[in-house]
file upload07.cif (mmCIF, N, CA and C atoms)
data_query
#
loop_
_atom_site.label_atom_id
_atom_site.label_comp_id
_atom_site.auth_asym_id
_atom_site.auth_seq_id
_atom_site.Cartn_x
_atom_site.Cartn_y
_atom_site.Cartn_z
N MET W 17 -13.41 -16.44 18.68
CA MET W 17 -12.81 -16.72 17.40
C MET W 17 -11.34 -16.35 17.41
N ILE W 18 -10.56 -17.15 16.75
CA ILE W 18 -9.13 -16.90 16.65
C ILE W 18 -8.83 -16.20 15.34
N PRO W 19 -8.12 -15.07 15.37
CA PRO W 19 -7.78 -14.38 14.12
C PRO W 19 -6.90 -15.26 13.24
N SER W 20 -7.06 -15.09 11.94
CA SER W 20 -6.18 -15.78 11.00
C SER W 20 -4.81 -15.12 11.04
N SER W 21 -3.79 -15.91 10.76
CA SER W 21 -2.44 -15.34 10.68
C SER W 21 -2.32 -14.51 9.40
N ASP W 22 -1.32 -13.65 9.36
CA ASP W 22 -1.10 -12.87 8.14
C ASP W 22 -0.86 -13.79 6.95
N ALA W 23 -0.14 -14.90 7.18
CA ALA W 23 0.13 -15.85 6.10
C ALA W 23 -1.16 -16.49 5.60
N GLU W 24 -2.08 -16.81 6.49
CA GLU W 24 -3.36 -17.40 6.09
C GLU W 24 -4.18 -16.42 5.26
N VAL W 25 -4.18 -15.17 5.68
CA VAL W 25 -4.92 -14.14 4.94
C VAL W 25 -4.30 -13.96 3.56
N GLN W 26 -2.98 -13.90 3.50
CA GLN W 26 -2.30 -13.74 2.21
C GLN W 26 -2.54 -14.94 1.30
N GLN W 27 -2.61 -16.12 1.88
CA GLN W 27 -2.90 -17.32 1.10
C GLN W 27 -4.31 -17.23 0.50
N PHE W 28 -5.27 -16.77 1.29
CA PHE W 28 -6.62 -16.58 0.78
C PHE W 28 -6.62 -15.56 -0.36
N LEU W 29 -5.97 -14.43 -0.15
CA LEU W 29 -5.94 -13.38 -1.16
C LEU W 29 -5.27 -13.85 -2.46
N ALA W 30 -4.26 -14.68 -2.34
CA ALA W 30 -3.60 -15.22 -3.53
C ALA W 30 -4.54 -16.12 -4.31
N ALA W 31 -5.36 -16.87 -3.61
CA ALA W 31 -6.30 -17.79 -4.24
C ALA W 31 -7.56 -17.07 -4.73
N HIS W 32 -7.83 -15.89 -4.19
CA HIS W 32 -9.04 -15.11 -4.53
C HIS W 32 -8.61 -13.67 -4.82
N PRO W 33 -7.99 -13.44 -5.98
CA PRO W 33 -7.38 -12.12 -6.25
C PRO W 33 -8.36 -10.95 -6.37
N LEU W 34 -9.65 -11.20 -6.47
CA LEU W 34 -10.60 -10.09 -6.53
C LEU W 34 -10.95 -9.54 -5.14
N TRP W 35 -10.55 -10.27 -4.11
CA TRP W 35 -10.71 -9.79 -2.75
C TRP W 35 -9.48 -8.98 -2.38
N LYS W 36 -9.68 -7.94 -1.58
CA LYS W 36 -8.60 -7.08 -1.09
C LYS W 36 -8.70 -6.98 0.42
N LEU W 37 -7.58 -6.62 1.02
CA LEU W 37 -7.56 -6.34 2.46
C LEU W 37 -7.57 -4.82 2.61
N GLU W 38 -8.67 -4.29 3.16
CA GLU W 38 -8.82 -2.85 3.34
C GLU W 38 -9.23 -2.57 4.77
N GLY W 39 -8.43 -1.79 5.45
CA GLY W 39 -8.75 -1.46 6.84
C GLY W 39 -8.86 -2.68 7.72
N GLY W 40 -8.11 -3.72 7.38
CA GLY W 40 -8.12 -4.95 8.17
C GLY W 40 -9.24 -5.90 7.82
N ALA W 41 -10.10 -5.54 6.86
CA ALA W 41 -11.24 -6.37 6.48
C ALA W 41 -11.05 -6.91 5.06
N LEU W 42 -11.67 -8.05 4.79
CA LEU W 42 -11.73 -8.58 3.43
C LEU W 42 -12.83 -7.85 2.70
N VAL W 43 -12.53 -7.31 1.51
CA VAL W 43 -13.49 -6.49 0.78
C VAL W 43 -13.47 -6.90 -0.70
N ARG W 44 -14.66 -7.02 -1.27
CA ARG W 44 -14.79 -7.26 -2.70
C ARG W 44 -16.05 -6.57 -3.19
N THR W 45 -15.94 -5.98 -4.38
CA THR W 45 -17.10 -5.41 -5.05
C THR W 45 -17.43 -6.27 -6.25
N TYR W 46 -18.67 -6.72 -6.30
CA TYR W 46 -19.20 -7.51 -7.40
C TYR W 46 -20.04 -6.58 -8.27
N GLU W 47 -20.07 -6.84 -9.58
CA GLU W 47 -20.98 -6.11 -10.45
C GLU W 47 -21.92 -7.10 -11.11
N ALA W 48 -23.18 -7.00 -10.74
CA ALA W 48 -24.20 -7.90 -11.27
C ALA W 48 -24.60 -7.44 -12.67
N PRO W 49 -25.10 -8.35 -13.48
CA PRO W 49 -25.52 -7.99 -14.84
C PRO W 49 -26.78 -7.12 -14.88
N ALA W 50 -27.55 -7.12 -13.81
CA ALA W 50 -28.76 -6.30 -13.72
C ALA W 50 -29.06 -6.06 -12.24
N PHE W 51 -29.77 -4.99 -11.96
CA PHE W 51 -30.06 -4.63 -10.58
C PHE W 51 -30.72 -5.77 -9.80
N LEU W 52 -31.77 -6.36 -10.36
CA LEU W 52 -32.48 -7.41 -9.62
C LEU W 52 -31.63 -8.66 -9.43
N ARG W 53 -30.72 -8.94 -10.35
CA ARG W 53 -29.81 -10.07 -10.15
C ARG W 53 -28.88 -9.78 -8.96
N GLY W 54 -28.49 -8.52 -8.82
CA GLY W 54 -27.68 -8.12 -7.67
C GLY W 54 -28.44 -8.30 -6.36
N ILE W 55 -29.71 -7.95 -6.37
CA ILE W 55 -30.54 -8.11 -5.18
C ILE W 55 -30.71 -9.60 -4.86
N THR W 56 -30.86 -10.42 -5.88
CA THR W 56 -30.94 -11.88 -5.67
C THR W 56 -29.65 -12.38 -5.02
N PHE W 57 -28.51 -11.88 -5.49
CA PHE W 57 -27.21 -12.24 -4.90
C PHE W 57 -27.18 -11.85 -3.43
N VAL W 58 -27.62 -10.64 -3.12
CA VAL W 58 -27.62 -10.18 -1.72
C VAL W 58 -28.52 -11.07 -0.86
N GLU W 59 -29.67 -11.45 -1.38
CA GLU W 59 -30.57 -12.33 -0.63
C GLU W 59 -29.91 -13.68 -0.34
N GLN W 60 -29.19 -14.21 -1.32
CA GLN W 60 -28.51 -15.50 -1.12
C GLN W 60 -27.38 -15.37 -0.10
N ILE W 61 -26.66 -14.25 -0.16
CA ILE W 61 -25.59 -14.01 0.81
C ILE W 61 -26.18 -13.85 2.21
N ALA W 62 -27.31 -13.17 2.31
CA ALA W 62 -27.96 -12.98 3.61
C ALA W 62 -28.32 -14.32 4.23
N LYS W 63 -28.79 -15.25 3.43
CA LYS W 63 -29.14 -16.58 3.94
C LYS W 63 -27.90 -17.33 4.42
N LEU W 64 -26.81 -17.26 3.65
CA LEU W 64 -25.56 -17.90 4.08
C LEU W 64 -25.07 -17.29 5.40
N ALA W 65 -25.11 -15.97 5.45
CA ALA W 65 -24.62 -15.26 6.64
C ALA W 65 -25.46 -15.60 7.87
N GLU W 66 -26.76 -15.65 7.69
CA GLU W 66 -27.65 -15.96 8.81
C GLU W 66 -27.42 -17.39 9.30
N ALA W 67 -27.25 -18.32 8.37
CA ALA W 67 -26.99 -19.71 8.75
C ALA W 67 -25.68 -19.85 9.51
N ALA W 68 -24.70 -19.03 9.16
CA ALA W 68 -23.39 -19.08 9.83
C ALA W 68 -23.34 -18.18 11.06
N ASP W 69 -24.37 -17.36 11.26
CA ASP W 69 -24.40 -16.36 12.33
C ASP W 69 -23.16 -15.47 12.25
N HIS W 70 -22.85 -15.07 11.01
CA HIS W 70 -21.68 -14.22 10.76
C HIS W 70 -22.04 -13.34 9.56
N HIS W 71 -22.18 -12.05 9.80
CA HIS W 71 -22.81 -11.16 8.81
C HIS W 71 -21.82 -10.13 8.27
N PRO W 72 -21.70 -10.06 6.95
CA PRO W 72 -20.82 -9.03 6.36
C PRO W 72 -21.53 -7.68 6.32
N ASP W 73 -20.74 -6.63 6.17
CA ASP W 73 -21.31 -5.35 5.81
C ASP W 73 -21.61 -5.44 4.32
N ILE W 74 -22.77 -4.98 3.92
CA ILE W 74 -23.19 -5.05 2.52
C ILE W 74 -23.58 -3.65 2.06
N ASP W 75 -22.96 -3.22 0.97
CA ASP W 75 -23.27 -1.93 0.37
C ASP W 75 -23.78 -2.18 -1.04
N ILE W 76 -24.99 -1.71 -1.33
CA ILE W 76 -25.60 -1.90 -2.65
C ILE W 76 -25.69 -0.54 -3.33
N ARG W 77 -25.11 -0.47 -4.52
CA ARG W 77 -25.17 0.75 -5.33
C ARG W 77 -25.46 0.33 -6.76
N TRP W 78 -26.73 0.35 -7.09
CA TRP W 78 -27.26 -0.08 -8.38
C TRP W 78 -26.85 -1.52 -8.63
N ARG W 79 -25.95 -1.80 -9.57
CA ARG W 79 -25.55 -3.19 -9.87
C ARG W 79 -24.29 -3.60 -9.12
N LYS W 80 -23.73 -2.69 -8.34
CA LYS W 80 -22.50 -3.00 -7.62
C LYS W 80 -22.80 -3.31 -6.16
N ILE W 81 -22.29 -4.45 -5.72
CA ILE W 81 -22.49 -4.90 -4.34
C ILE W 81 -21.12 -5.09 -3.71
N THR W 82 -20.86 -4.38 -2.65
CA THR W 82 -19.59 -4.50 -1.94
C THR W 82 -19.83 -5.24 -0.63
N LEU W 83 -19.04 -6.29 -0.43
CA LEU W 83 -19.09 -7.06 0.82
C LEU W 83 -17.82 -6.79 1.60
N ARG W 84 -17.97 -6.69 2.91
CA ARG W 84 -16.83 -6.46 3.80
C ARG W 84 -16.96 -7.46 4.95
N PHE W 85 -15.94 -8.31 5.08
CA PHE W 85 -15.92 -9.32 6.14
C PHE W 85 -14.82 -9.00 7.14
N ILE W 86 -15.18 -9.00 8.40
CA ILE W 86 -14.24 -8.87 9.51
C ILE W 86 -14.95 -9.43 10.74
N THR W 87 -14.20 -9.95 11.68
CA THR W 87 -14.81 -10.53 12.88
C THR W 87 -14.57 -9.61 14.07
N HIS W 88 -15.64 -8.99 14.53
CA HIS W 88 -15.53 -8.05 15.65
C HIS W 88 -15.12 -8.77 16.94
N ASP W 89 -15.62 -10.00 17.14
CA ASP W 89 -15.30 -10.76 18.35
C ASP W 89 -13.85 -11.22 18.40
N ALA W 90 -13.13 -11.06 17.28
CA ALA W 90 -11.71 -11.44 17.24
C ALA W 90 -10.84 -10.18 17.20
N GLY W 91 -11.34 -9.11 17.77
CA GLY W 91 -10.56 -7.88 17.80
C GLY W 91 -10.51 -7.17 16.46
N ASN W 92 -11.60 -7.28 15.70
CA ASN W 92 -11.67 -6.67 14.37
C ASN W 92 -10.56 -7.18 13.47
N ARG W 93 -10.44 -8.49 13.43
CA ARG W 93 -9.45 -9.16 12.57
C ARG W 93 -10.19 -10.16 11.69
N VAL W 94 -9.51 -10.59 10.63
CA VAL W 94 -10.05 -11.60 9.74
C VAL W 94 -9.86 -12.97 10.38
N THR W 95 -10.89 -13.80 10.29
CA THR W 95 -10.83 -15.16 10.82
C THR W 95 -11.15 -16.15 9.70
N ALA W 96 -11.04 -17.42 10.02
CA ALA W 96 -11.38 -18.47 9.05
C ALA W 96 -12.84 -18.37 8.63
N MET W 97 -13.71 -17.91 9.50
CA MET W 97 -15.12 -17.72 9.15
C MET W 97 -15.25 -16.70 8.03
N ASP W 98 -14.47 -15.62 8.11
CA ASP W 98 -14.52 -14.59 7.07
C ASP W 98 -14.06 -15.14 5.72
N THR W 99 -12.94 -15.84 5.72
CA THR W 99 -12.42 -16.36 4.45
C THR W 99 -13.34 -17.44 3.88
N ARG W 100 -13.93 -18.26 4.74
CA ARG W 100 -14.84 -19.30 4.26
C ARG W 100 -16.07 -18.69 3.61
N LEU W 101 -16.67 -17.71 4.28
CA LEU W 101 -17.87 -17.08 3.73
C LEU W 101 -17.55 -16.25 2.48
N ALA W 102 -16.40 -15.61 2.46
CA ALA W 102 -16.01 -14.85 1.27
C ALA W 102 -15.88 -15.78 0.06
N ALA W 103 -15.27 -16.94 0.27
CA ALA W 103 -15.14 -17.91 -0.81
C ALA W 103 -16.51 -18.42 -1.25
N GLU W 104 -17.41 -18.63 -0.31
CA GLU W 104 -18.77 -19.07 -0.65
C GLU W 104 -19.50 -17.98 -1.46
N CYS W 105 -19.26 -16.72 -1.14
CA CYS W 105 -19.88 -15.63 -1.89
C CYS W 105 -19.44 -15.66 -3.35
N ASP W 106 -18.17 -15.97 -3.59
CA ASP W 106 -17.68 -16.08 -4.96
C ASP W 106 -18.43 -17.17 -5.72
N LEU W 107 -18.67 -18.28 -5.05
CA LEU W 107 -19.39 -19.40 -5.70
C LEU W 107 -20.83 -19.00 -6.01
N VAL W 108 -21.47 -18.32 -5.07
CA VAL W 108 -22.85 -17.89 -5.28
C VAL W 108 -22.92 -16.92 -6.45
N PHE W 109 -21.98 -15.97 -6.51
CA PHE W 109 -22.00 -14.98 -7.59
C PHE W 109 -21.75 -15.65 -8.95
N ALA W 110 -20.84 -16.60 -8.97
CA ALA W 110 -20.54 -17.31 -10.23
C ALA W 110 -21.75 -18.05 -10.76
N ALA W 111 -22.65 -18.44 -9.87
CA ALA W 111 -23.84 -19.21 -10.27
C ALA W 111 -25.01 -18.32 -10.68
N LEU W 112 -24.86 -17.00 -10.56
CA LEU W 112 -25.97 -16.10 -10.94
C LEU W 112 -26.34 -16.25 -12.39
#
call {"tool": "encode", "arguments": {"input": "upload07.cif", "output": "structure tokens"}}
result
Amino acid sequence: MIPSSDAEVQQFLAAHPLWKLEGGALVRTYEAPAFLRGITFVEQIAKLAEAADHHPDIDIRWRKITLRFITHDAGNRVTAMDTRLAAECDLVFAAL
């Protein structure tokens, strides 16, 4: 995988302001309206990740779900796969 350029990452962040760059990874915390809705969100994200063979770190704390995307095979940098899946996660969450 080829790492995204700094400009590409900044362009993604400008278009998706709830995502942040932390420790070189794309990170966002979602707050679900109820615990089980959050679990449903995680299940949907797991299916997307498995289909793409690209898996985020997922932290679940009651109704808050934090996703962290980074590509280890690209030297622990953000790639187009990370930004694509992050954007898809936003769509899935909006549909909850």
call {"tool": "closest_residue", "arguments": {"input": "upload07.cif", "among": "W:Glu47, W:Glu38, W:Glu104, W:Asp98", "to": "Ile61 (chain W)", "atoms": "all atoms listed in the file"}}
result
W:Glu104
call {"tool": "select_by_dssp", "arguments": {"input": "upload07.cif", "residues": "chain W", "states": "alpha helix (DSSP H)", "output": "ChimeraX atom specification"}}
result
/W:22-31,51-68,96-110
call {"tool": "closest_residue", "arguments": {"input": "upload07.cif", "among": "W:Cys105, W:Ile86, W:Ala30, W:Ala111", "to": "Leu42 (chain W)", "atoms": "only C-alpha atoms"}}
result
W:Ile86
call {"tool": "atom_distance", "arguments": {"input": "upload07.cif", "atom1": "CA of Thr56 (chain W)", "atom2": "CA of Gln27 (chain W)"}}
result
29.4 Å
call {"tool": "atom_distance", "arguments": {"input": "upload07.cif", "atom1": "CA of Asp106 (chain W)", "atom2": "CA of His32 (chain W)"}}
result
8.7 Å
call {"tool": "atom_distance", "arguments": {"input": "upload07.cif", "atom1": "CA of Val58 (chain W)", "atom2": "CA of Arg100 (chain W)"}}
result
16.8 Å
call {"tool": "residues_near_point", "arguments": {"input": "upload07.cif", "point": "(-16.2, -7.0, -4.7)", "cutoff": "7 Å", "atoms": "only C-alpha atoms", "output": "list in words"}}
result
Leu34, Trp35, Val43, Arg44, Thr45, Tyr46, Ile81, Thr82 and Leu83 of chain W
call {"tool": "closest_residue", "arguments": {"input": "upload07.cif", "among": "W:Phe51, W:Phe57, W:Trp78, W:Phe85", "to": "Thr99 (chain W)", "atoms": "all atoms listed in the file"}}
result
W:Phe85
call {"tool": "residues_around", "arguments": {"input": "upload07.cif", "residues": "His71 (chain W)", "least_positions_apart": "5", "cutoff": "6.5 Å", "atoms": "only N, CA and C atoms", "output": "list in words"}}
result
Ala65, Glu66, Arg84 and Phe85 of chain W
call {"tool": "write_last_selection", "arguments": {"input": "upload07.cif", "atoms": "N, CA and C atoms", "output": "short mmCIF file (atom, residue, chain, number, x, y, z; two decimals), in the frame of the given file"}}
result
data_model
loop_
_atom_site.label_atom_id
_atom_site.label_comp_id
_atom_site.auth_asym_id
_atom_site.auth_seq_id
_atom_site.Cartn_x
_atom_site.Cartn_y
_atom_site.Cartn_z
N ALA W 65 -25.11 -15.97 5.45
CA ALA W 65 -24.62 -15.26 6.64
C ALA W 65 -25.46 -15.60 7.87
N GLU W 66 -26.76 -15.65 7.69
CA GLU W 66 -27.65 -15.96 8.81
C GLU W 66 -27.42 -17.39 9.30
N ARG W 84 -17.97 -6.69 2.91
CA ARG W 84 -16.83 -6.46 3.80
C ARG W 84 -16.96 -7.46 4.95
N PHE W 85 -15.94 -8.31 5.08
CA PHE W 85 -15.92 -9.32 6.14
C PHE W 85 -14.82 -9.00 7.14
#
call {"tool": "closest_residue", "arguments": {"input": "upload07.cif", "among": "W:Gln26, W:Pro19, W:Leu112, W:Arg53", "to": "Thr95 (chain W)", "atoms": "all atoms listed in the file"}}
result
W:Pro19
call {"tool": "residues_around", "arguments": {"input": "upload07.cif", "residues": "Gly91 (chain W)", "least_positions_apart": "3", "cutoff": "10 Å", "atoms": "only C-alpha atoms", "output": "PyMOL selection string"}}
result
chain W and resi 17-19+86-88+94
call {"tool": "closest_residue", "arguments": {"input": "upload07.cif", "among": "W:Ile76, W:Leu101, W:Ala68, W:Ala90", "to": "Leu52 (chain W)", "atoms": "only C-alpha atoms"}}
result
W:Ile76
call {"tool": "axis_aligned_box", "arguments": {"input": "upload07.cif", "around": "region 22-35 of chain W", "padding_each_side": "6 Å", "output": "lines of an AutoDock Vina configuration file"}}
result
center_x = -5.4
center_y = -13.4
center_z = 1.4
size_x = 23.1
size_y = 20.8
size_z = 27.9
call {"tool": "closest_residue", "arguments": {"input": "upload07.cif", "among": "W:Ala96, W:Val108, W:Ala31, W:Ile74", "to": "Gln60 (chain W)", "atoms": "only N, CA and C atoms"}}
result
W:Val108
call {"tool": "select_by_dssp", "arguments": {"input": "upload07.cif", "residues": "chain W", "states": "strand (DSSP E)", "output": "MDAnalysis selection string"}}
result
chainID W and resid 36:38 41:47 73:77 80:85
